[in-house]
Structure formats: C-alpha cells, structure tokens
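J.: Quick one: the structure is below, questions incoming.
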Amino acid sequence: MPISTAEQINKSLNTITDWTHEWTAVFGIVFNKVGPSALDNAITRYANASEWWNVRHVKRMAEIIGYDSEILRQKTRLMLSNQLLFPMAKLPKTWNTGYWWNWDWCVLDCFRWAKELNWETSKFDDPTSGYVLLRNKRRSLDYIFYAWNPETDETLSMLGGRWHQVGAICGVWLKYYELGIEEAMNMALSEWVFLNEKYWSGDHYIYAPQLPDFEVRNPDVFQTFVKAYKMKPLLFATNFPRIVVDLQKRYLSEGWRSPQWGGRYVTVHHYPSNLEERLDGMHGWALLHMFYRHFPPQTQSMMRKMLLGENMVSASEALLRSNLFNSTTNRFRTTDKADYTDAATIWGCVILFLTSIIPDTASLAIPVRVEGFGSVEWAFFNSTHFGFNYESRQVKIPVYSGKLKLKFGTKPVEARFPQDGIYTITFTDDWNGIKHISYT
C-alpha cells in the first residue's frame with residue numbers, strides 16, 4: 001500500500017542526524033525539526049572551520065527569517081576580521097587561492113554588516129573601488145569569466161563562458177546597486193543584453209557559445225534576471241518573455257520527454273551531452289511554480305498533469321523511482337554518482353514538498369531570492385513563507401488567490417484561498433482531507 005507524500009517526507013527527515021549544515025539548519029526550521037537557534041550551531045560550525053563563505057550564508061538566512069542572536073553577531077564579526085581584500089581596491093577575495101568568484105557575491109554584504117555591527121568599518125567603508133576594478137575588467141572582455149585574480153590578471157572561464165556565469169555576475173551588479181552604486185544597474189542591464197545576444201537559440205538559452213545544450217542551472221540565471229526586472233521593469237522588459245518560452249521548451253513542451261528531464265524524469269546536468277541525474281529539480285519546480293501564471297493554458301495543463309501523474313508518472317513518484325533516492329534508507333543524493341547525505345536528503349524533501357502542490361487558478365507565490373550563495377540559489381525556501389509540521393498535520397505556503405490541489409496524502413484535495421497571502425492548512429490525520437485553512 002503506497003504511503004502518503006507527507007509520510008515519505010517525514011521518514012526521510014528522520015534519517016537526518018546533522019542539523020548544523022546550512023541546508024539542514026535552514027530547511028530544518030521549515031520542516032519543524034529544529035528551531036531558529038539551529039542557525040547558531042551552523043554558524044559556529046563554519047566559523048570554527050574558517051569556512052567564512054558559509055558563515056555569510058547562515059548570517060544572511062537568519063536575516064531573511066528575522067532571527068538574530070549574539071552568537072550570530074559574534075561569528076559575523078569574526079568573519080569580517082578574517083575576510084581578505086585585494087590590495088589595489090576593496091574587492092573581497094572569495095577563494096582561498098586569491099580569486100574573486102562571481103558566484104559568491106553574498107560577500108559584498110560585508111560592507112553593510114560592518115556598518116550595522118560597527119566592526120571593521122574602515123576596512124569595509126566603501127565598496128566603490130572594488131566595483132570600479134571589477135567593472136573595468138568586465139568591460140575589457142568579450143566573454144564571461146567565473147573567477148578573476150586582479151593581482152595576476154588571470155581569469156577563469158569554461159567553454160567560452162557558461163550562461164550561468166552571466167547570471168552570476170548580474171547578481172554581483174545588483175548587489176552593488178543595493179549598496180548604493182547606481183551605475184551598477186547599467187552593468188546588470190548590459191549582462192541581460194549580452195545573454196540575449198550570445199546565448200539565445202530561438203527557443204531556449206544555451207549552455208555556452210560552444211555547446212547549445214539545456215543546462216540545469218537555469219533557475220539561478222532566471223531568478224537573478226527576475227530580480228532585476230522587479231527592480232527596474234522598464235529596463236529589462238525587452239526580451240523578458242523569452243524566459244517563459246525557454247521554460248516551456250525546457251521543462252513542459254513534451255512532458256517528461258522535455259529536454260531538461262533528459263528522459264530520466266529528474267533534471268539532468270545538460271541535455272543532450274551530459275545526462276548525469278541531479279537533484280536540482282528543487283530549483284526547477286520552484287521556477288515553474290513562480291512562472292505558472294505566465295504560461296498559456298496548454299502549458300499550465302501539462303504542468304498539472306506532471307504533478308498529478310495523469311497518464312504519466314507523477315513528479316514526486318518520478319523522484320522516488322530515480323537513482324537519486326534509496327528506498328531502503330529513505331535518503332537522497334545530489335547526483336547519481338554522489339553519496340547519500342543529510343544535506344541532499346533534506347533537499348529531496350523540499351522537492352517532494354513543492355511537487356505536492358498542484359496549481360490551478362491559484363498558484364504558489366514563490367519569493368524571488370537570489371543571494372549569491374555559490375552556484376546554487378536556495379534561499380527562497382525559508383520559514384517566513386513555508387512550513388511543514390508532520391505531527392500537527394500542517395503546511396504553510398504563500399499563494400496567489402484562487403483554488404489549487406494539495407497531494408500530501410495519497411490523493412489530491414482541493415484548497416481555496418480568497419486572497420493573496422501566506423496560509424496554514426491543517427489536514428486530516430491521513431492527509432487526504434482539509435480541516436481548516438487560516439490566513440497568517
């Protein structure tokens with residue numbers, strides 16, 4: 001007899017023992033396995049290991065959910081003292097080997113934290129010189145790099161510049177804009193123009209100029225440009241509908257035969273050249289939920305069929321049948337070649353959560369969160385917007401008004417939401433019925 005999705009989520013969560021990883025700490029709060037103080041334990045773990053990039057991630061996630069503590073402040077001050085800058089400008093070194101790394105632009109929050117904590121204020125007084133240094137280097141090149149060492153002038157790139165590197169450096173410019181450098185928005189716009197000139201194929205954005213594949217980091221790229229669009233819609237309106245065209249072709253045009261699934265029912269690294277199975281479906285499904293309202297009716301219908309399993313395997317069942325899940329141990333892994341870990345397991349639980357929500361006239365109001373946490377963006381799934389309490393049979397979700405279906409049990413149940421907002425749904429014991437829906 002099949003078990004409910006909620007029970008599967010709980011079984012997998014119960015295999016996790018380490019709640020100090022940044023993913024298990026942050027998502028563990030959502031899944032009601034730990035409280036916000038788990039972030040104190042996580043930031044302490046990373047500070048003790050001198051993993052300053054992860055200290056920044058935990059600090060930023062604490063801000064997002066509204067949690068603060070003396071431990072967080074103490075470890076953030078320690079990070080600020082240990083963060084290195086290049087000697088010629090106030091550009092942080094984000095690799096131990098001495099490079100600036102575009103994917104880790106959360107480091108630029110150091111300029112804000114220094115002021116807020118009144119710590120290392122002369123060191124992090126003004127980001128302008130670092131911005132100018134990086135801007136001038138970017139303008140001098142006709143390709144995109146992912147890392148640069150200003151001291152040796154060495155740039156690192158692959159395949160003539162992969163498309164998600166364009167998204168990464170756009171995130172850098174948006175952060176500089178948030179820090180008060182208005183010109184940085186023009187640099188962000190230039191990256192949008194660059195992406196469309198160099199990477200648009202007619203129905204999707206290609207992986208690299210030398211490789212026209214469908215690559216799995218699309219949610220990180222698109223969320224970054226969605227953020228830019230929300231900040232300056234008139235600037236980024238040109239070609240913005242291409243994102244919808246891409247998502248339809250990439251994920252939904254032929255159901256599970258669509259390119260990004262690679263015939264594997266889970267996301268693959270880059271189709272058709274590399275069919276390595278990856279757990280990046282978390283970002284893929286989040287992005288599809290985010291854009292659902294912008295899809296035409298036939299595309300919306302296909303998305304619902306994939307989630308419900310109408311005349312095909314459902315998205316949640318596809319994940320549980322994949323090489324990313326071990327049905328004996330109830331654990332997940334990030335790729336079909338990786339080890340099964342606590343961090344991957346909670347990531348898999350997030351996918352099961354997202355694929356248990358079937359939009360209709362209502363849809364998930366996924367928050368746009370791009371924070372520069374390395375090459376993967378995951379900050380959208382946080383306890384401000386989402387919640388899951390197995391014992392109380394409750395789920396919290398942000399929605400646009402209307403009706404949708406929830407399949408945390410063994411069959412879908414309809415829920416109605418009279419207005420946009422965050423709601424808590426209380427289910428019956430078997431998760432197949434709804435007792436109460438409350439606006440939070």
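Following the order of the structure tokens, first chain is A, next is B, and so on, with residues numbered from 1 inside each chain and ligands from 1 in the order they appear.
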Dump as JSON lines the rows for residues of segment 355-375 of chain A within 10 Å of segment 93-114 of chain A: closest atom pair and distance in Å with one decimal, only C-alpha atoms counted, ordered by chain and rising residue number.

T.:
{"residue": "A:Val370", "atom": "CA", "partner": "A:Cys106", "partner_atom": "CA", "distance": 9.4}
{"residue": "A:Glu371", "atom": "CA", "partner": "A:Cys106", "partner_atom": "CA", "distance": 5.9}
{"residue": "A:Gly372", "atom": "CA", "partner": "A:Cys106", "partner_atom": "CA", "distance": 4.7}
{"residue": "A:Phe373", "atom": "CA", "partner": "A:Asp104", "partner_atom": "CA", "distance": 5.6}
{"residue": "A:Gly374", "atom": "CA", "partner": "A:Trp103", "partner_atom": "CA", "distance": 4.6}
{"residue": "A:Ser375", "atom": "CA", "partner": "A:Trp103", "partner_atom": "CA", "distance": 5.5}

J.: Restricting the output to N, CA and C atoms, write the selected residues as a tab-separated table (two decimals), in the first residue's frame.

T.:
chain	number	residue	atom	x	y	z
A	370	VAL	N	17.66	35.71	-4.61
A	370	VAL	CA	18.98	35.40	-5.13
A	370	VAL	C	19.99	36.10	-4.22
A	371	GLU	N	20.83	35.32	-3.58
A	371	GLU	CA	21.65	35.85	-2.50
A	371	GLU	C	23.15	35.69	-2.73
A	372	GLY	N	23.56	35.01	-3.81
A	372	GLY	CA	24.99	34.81	-4.03
A	372	GLY	C	25.59	33.79	-3.10
A	373	PHE	N	24.89	32.66	-2.95
A	373	PHE	CA	25.35	31.57	-2.08
A	373	PHE	C	26.11	30.52	-2.90
A	374	GLY	N	27.09	30.92	-3.69
A	374	GLY	CA	27.74	29.96	-4.56
A	374	GLY	C	26.93	29.76	-5.82
A	375	SER	N	27.11	28.62	-6.49
A	375	SER	CA	26.49	28.41	-7.81
A	375	SER	C	25.07	27.89	-7.72

J.: Can you list, as a list in words, every protein, DNA or RNA residue that comes within 8 Å of segment 228-230 of chain A when you count only C-alpha atoms, leaving out same-chain residues fewer than 6 positions away?

T.: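 Skipping anything fewer than 6 positions along the chain leaves Leu174, Ala188, Phe236 and Ala237 of chain A.
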
J.: When you look at segment 197-200 of chain A with a cut-off of 10 Å (counting only C-alpha atoms), what residues show up, excluding the ones that are within fewer than 4 positions of it in the same chain? I need them as an mmCIF file with N, CA and C atoms, in the first residue's frame.

T.:
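Output (around13.cif):
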data_model
loop_
_atom_site.group_PDB
_atom_site.id
_atom_site.type_symbol
_atom_site.label_atom_id
_atom_site.label_comp_id
_atom_site.auth_asym_id
_atom_site.auth_seq_id
_atom_site.Cartn_x
_atom_site.Cartn_y
_atom_site.Cartn_z
ATOM 1 N N TYR A 143 33.959 37.969 -23.337
ATOM 2 C CA TYR A 143 33.467 36.683 -22.838
ATOM 3 C C TYR A 143 33.245 36.812 -21.337
ATOM 4 N N GLY A 161 32.615 30.603 -21.823
ATOM 5 C CA GLY A 161 31.733 31.307 -20.897
ATOM 6 C C GLY A 161 30.381 30.648 -20.795
ATOM 7 N N ARG A 162 30.127 29.974 -19.678
ATOM 8 C CA ARG A 162 28.834 29.312 -19.484
ATOM 9 C C ARG A 162 27.765 30.329 -19.094
ATOM 10 N N TRP A 163 26.546 30.031 -19.477
ATOM 11 C CA TRP A 163 25.483 31.028 -19.341
ATOM 12 C C TRP A 163 25.184 31.385 -17.895
ATOM 13 N N VAL A 166 26.898 34.380 -16.581
ATOM 14 C CA VAL A 166 26.286 35.679 -16.882
ATOM 15 C C VAL A 166 25.300 36.046 -15.776
ATOM 16 N N GLU A 191 24.498 42.861 -18.949
ATOM 17 C CA GLU A 191 24.578 41.393 -18.892
ATOM 18 C C GLU A 191 23.320 40.763 -19.496
ATOM 19 N N TRP A 192 22.177 41.378 -19.298
ATOM 20 C CA TRP A 192 20.940 40.886 -19.911
ATOM 21 C C TRP A 192 21.031 40.978 -21.436
ATOM 22 N N VAL A 193 21.551 42.082 -21.932
ATOM 23 C CA VAL A 193 21.754 42.237 -23.371
ATOM 24 C C VAL A 193 22.748 41.194 -23.870
ATOM 25 N N HIS A 204 15.416 28.501 -26.529
ATOM 26 C CA HIS A 204 15.988 28.355 -25.188
ATOM 27 C C HIS A 204 17.350 29.043 -25.130
ATOM 28 N N TYR A 205 17.798 29.309 -23.919
ATOM 29 C CA TYR A 205 19.139 29.836 -23.699
ATOM 30 C C TYR A 205 20.105 28.663 -23.630
ATOM 31 N N ILE A 206 21.173 28.741 -24.405
ATOM 32 C CA ILE A 206 22.112 27.623 -24.495
ATOM 33 C C ILE A 206 23.114 27.658 -23.347
ATOM 34 N N TYR A 207 23.761 26.521 -23.132
ATOM 35 C CA TYR A 207 24.712 26.370 -22.031
ATOM 36 C C TYR A 207 25.937 27.257 -22.225
ATOM 37 N N ALA A 208 26.476 27.273 -23.436
ATOM 38 C CA ALA A 208 27.686 28.036 -23.732
ATOM 39 C C ALA A 208 27.755 28.262 -25.236
ATOM 40 N N PRO A 209 28.518 29.271 -25.684
ATOM 41 C CA PRO A 209 28.620 29.514 -27.126
ATOM 42 C C PRO A 209 29.073 28.290 -27.913
ATOM 43 N N GLN A 210 29.845 27.428 -27.290
ATOM 44 C CA GLN A 210 30.326 26.227 -27.963
ATOM 45 C C GLN A 210 29.471 24.997 -27.679
ATOM 46 N N LEU A 211 28.393 25.159 -26.922
ATOM 47 C CA LEU A 211 27.607 23.998 -26.507
ATOM 48 C C LEU A 211 26.138 24.411 -26.338
ATOM 49 N N PRO A 212 25.287 24.106 -27.327
ATOM 50 C CA PRO A 212 23.896 24.581 -27.295
ATOM 51 C C PRO A 212 22.967 23.715 -26.450
ATOM 52 N N ASN A 239 12.865 41.433 -24.382
ATOM 53 C CA ASN A 239 13.230 40.005 -24.405
ATOM 54 C C ASN A 239 12.860 39.246 -23.133
ATOM 55 N N ARG A 242 11.149 35.850 -23.263
ATOM 56 C CA ARG A 242 11.928 34.676 -23.666
ATOM 57 C C ARG A 242 12.099 33.681 -22.519
ATOM 58 N N ASP A 246 11.545 29.759 -22.949
ATOM 59 C CA ASP A 246 12.577 28.797 -22.542
ATOM 60 C C ASP A 246 12.013 27.751 -21.592
#

J.: Using only C-alpha atoms, which residues sit within 8 Å of segment 219-224 of chain A once same-chain residues fewer than 6 positions away are excluded, as a list in words?

T.: Trp163, His164, Val166, Gly167, Ala168, Cys170, Gly171, Ile243, His283, Gly284, Leu287, Val368, Arg369, Val370, Ser375, Val376 and Glu377 of chain A

J.: Could you turn the residues from that selection into a file that holds N, CA and C atoms, as a PDB file, in the first residue's frame?

T.:
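Saved the output as part_22.pdb:
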ATOM      1  N   TRP A 163      26.546  30.031 -19.477  1.00  0.00           N
ATOM      2  CA  TRP A 163      25.483  31.028 -19.341  1.00  0.00           C
ATOM      3  C   TRP A 163      25.184  31.385 -17.895  1.00  0.00           C
ATOM      4  N   HIS A 164      25.352  30.436 -16.974  1.00  0.00           N
ATOM      5  CA  HIS A 164      25.043  30.774 -15.587  1.00  0.00           C
ATOM      6  C   HIS A 164      26.086  31.708 -14.985  1.00  0.00           C
ATOM      7  N   VAL A 166      26.898  34.380 -16.581  1.00  0.00           N
ATOM      8  CA  VAL A 166      26.286  35.679 -16.882  1.00  0.00           C
ATOM      9  C   VAL A 166      25.300  36.046 -15.776  1.00  0.00           C
ATOM     10  N   GLY A 167      24.505  35.066 -15.363  1.00  0.00           N
ATOM     11  CA  GLY A 167      23.582  35.314 -14.263  1.00  0.00           C
ATOM     12  C   GLY A 167      24.307  35.673 -12.983  1.00  0.00           C
ATOM     13  N   ALA A 168      25.433  34.993 -12.736  1.00  0.00           N
ATOM     14  CA  ALA A 168      26.184  35.249 -11.507  1.00  0.00           C
ATOM     15  C   ALA A 168      26.700  36.683 -11.455  1.00  0.00           C
ATOM     16  N   CYS A 170      25.626  39.220 -13.093  1.00  0.00           N
ATOM     17  CA  CYS A 170      24.490  40.143 -12.974  1.00  0.00           C
ATOM     18  C   CYS A 170      24.102  40.296 -11.507  1.00  0.00           C
ATOM     19  N   GLY A 171      24.122  39.184 -10.765  1.00  0.00           N
ATOM     20  CA  GLY A 171      23.839  39.260  -9.337  1.00  0.00           C
ATOM     21  C   GLY A 171      24.824  40.146  -8.601  1.00  0.00           C
ATOM     22  N   ILE A 243      12.068  34.158 -21.296  1.00  0.00           N
ATOM     23  CA  ILE A 243      12.195  33.242 -20.162  1.00  0.00           C
ATOM     24  C   ILE A 243      11.032  32.265 -20.153  1.00  0.00           C
ATOM     25  N   HIS A 283      15.105  23.602  -7.718  1.00  0.00           N
ATOM     26  CA  HIS A 283      15.072  24.929  -8.327  1.00  0.00           C
ATOM     27  C   HIS A 283      14.154  24.939  -9.536  1.00  0.00           C
ATOM     28  N   GLY A 284      14.177  23.825 -10.289  1.00  0.00           N
ATOM     29  CA  GLY A 284      13.339  23.757 -11.473  1.00  0.00           C
ATOM     30  C   GLY A 284      11.865  23.881 -11.141  1.00  0.00           C
ATOM     31  N   LEU A 287      10.920  27.352  -9.946  1.00  0.00           N
ATOM     32  CA  LEU A 287      10.811  28.308 -11.047  1.00  0.00           C
ATOM     33  C   LEU A 287       9.524  28.091 -11.841  1.00  0.00           C
ATOM     34  N   VAL A 368      11.177  35.720  -4.826  1.00  0.00           N
ATOM     35  CA  VAL A 368      12.418  35.820  -5.599  1.00  0.00           C
ATOM     36  C   VAL A 368      13.552  36.068  -4.619  1.00  0.00           C
ATOM     37  N   ARG A 369      14.421  35.083  -4.484  1.00  0.00           N
ATOM     38  CA  ARG A 369      15.538  35.191  -3.555  1.00  0.00           C
ATOM     39  C   ARG A 369      16.820  34.762  -4.257  1.00  0.00           C
ATOM     40  N   VAL A 370      17.661  35.711  -4.610  1.00  0.00           N
ATOM     41  CA  VAL A 370      18.985  35.397  -5.128  1.00  0.00           C
ATOM     42  C   VAL A 370      19.988  36.097  -4.222  1.00  0.00           C
ATOM     43  N   SER A 375      27.106  28.621  -6.493  1.00  0.00           N
ATOM     44  CA  SER A 375      26.490  28.411  -7.806  1.00  0.00           C
ATOM     45  C   SER A 375      25.068  27.892  -7.722  1.00  0.00           C
ATOM     46  N   VAL A 376      24.502  27.792  -6.531  1.00  0.00           N
ATOM     47  CA  VAL A 376      23.137  27.305  -6.355  1.00  0.00           C
ATOM     48  C   VAL A 376      22.375  28.283  -5.463  1.00  0.00           C
ATOM     49  N   GLU A 377      21.199  28.700  -5.913  1.00  0.00           N
ATOM     50  CA  GLU A 377      20.352  29.595  -5.123  1.00  0.00           C
ATOM     51  C   GLU A 377      19.227  28.793  -4.473  1.00  0.00           C
TER      52      GLU A 377
END

J.: Select, from A:Ser4, A:Thr428, A:Ser383, A:Gln83, the residue with the minimum atom-to-atom distance to Pro367 of chain A, counting only C-alpha atoms.

T.: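 The closest residue to Pro367 of chain A is A:Ser383.
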
J.: Extract, using only C-alpha atoms, all DNA, RNA and protein residues at most 12 Å from Trp19 of chain A, discarding same-chain residues fewer than 6 positions from it, and format them as a list in words.

T.: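 Near Trp19 of chain A, the qualifying residues are Leu13, Ala25, Val26, Phe27, Gly28, Ile29, Phe31, Asn32, Lys33, Val34, Gly35, Pro36, Ser37, Ala38, Leu39, Asp40, Asn41, Ala42, Ile43, Arg45, Thr341, Asp342, Ala343, Thr345 and Ile346 of chain A.
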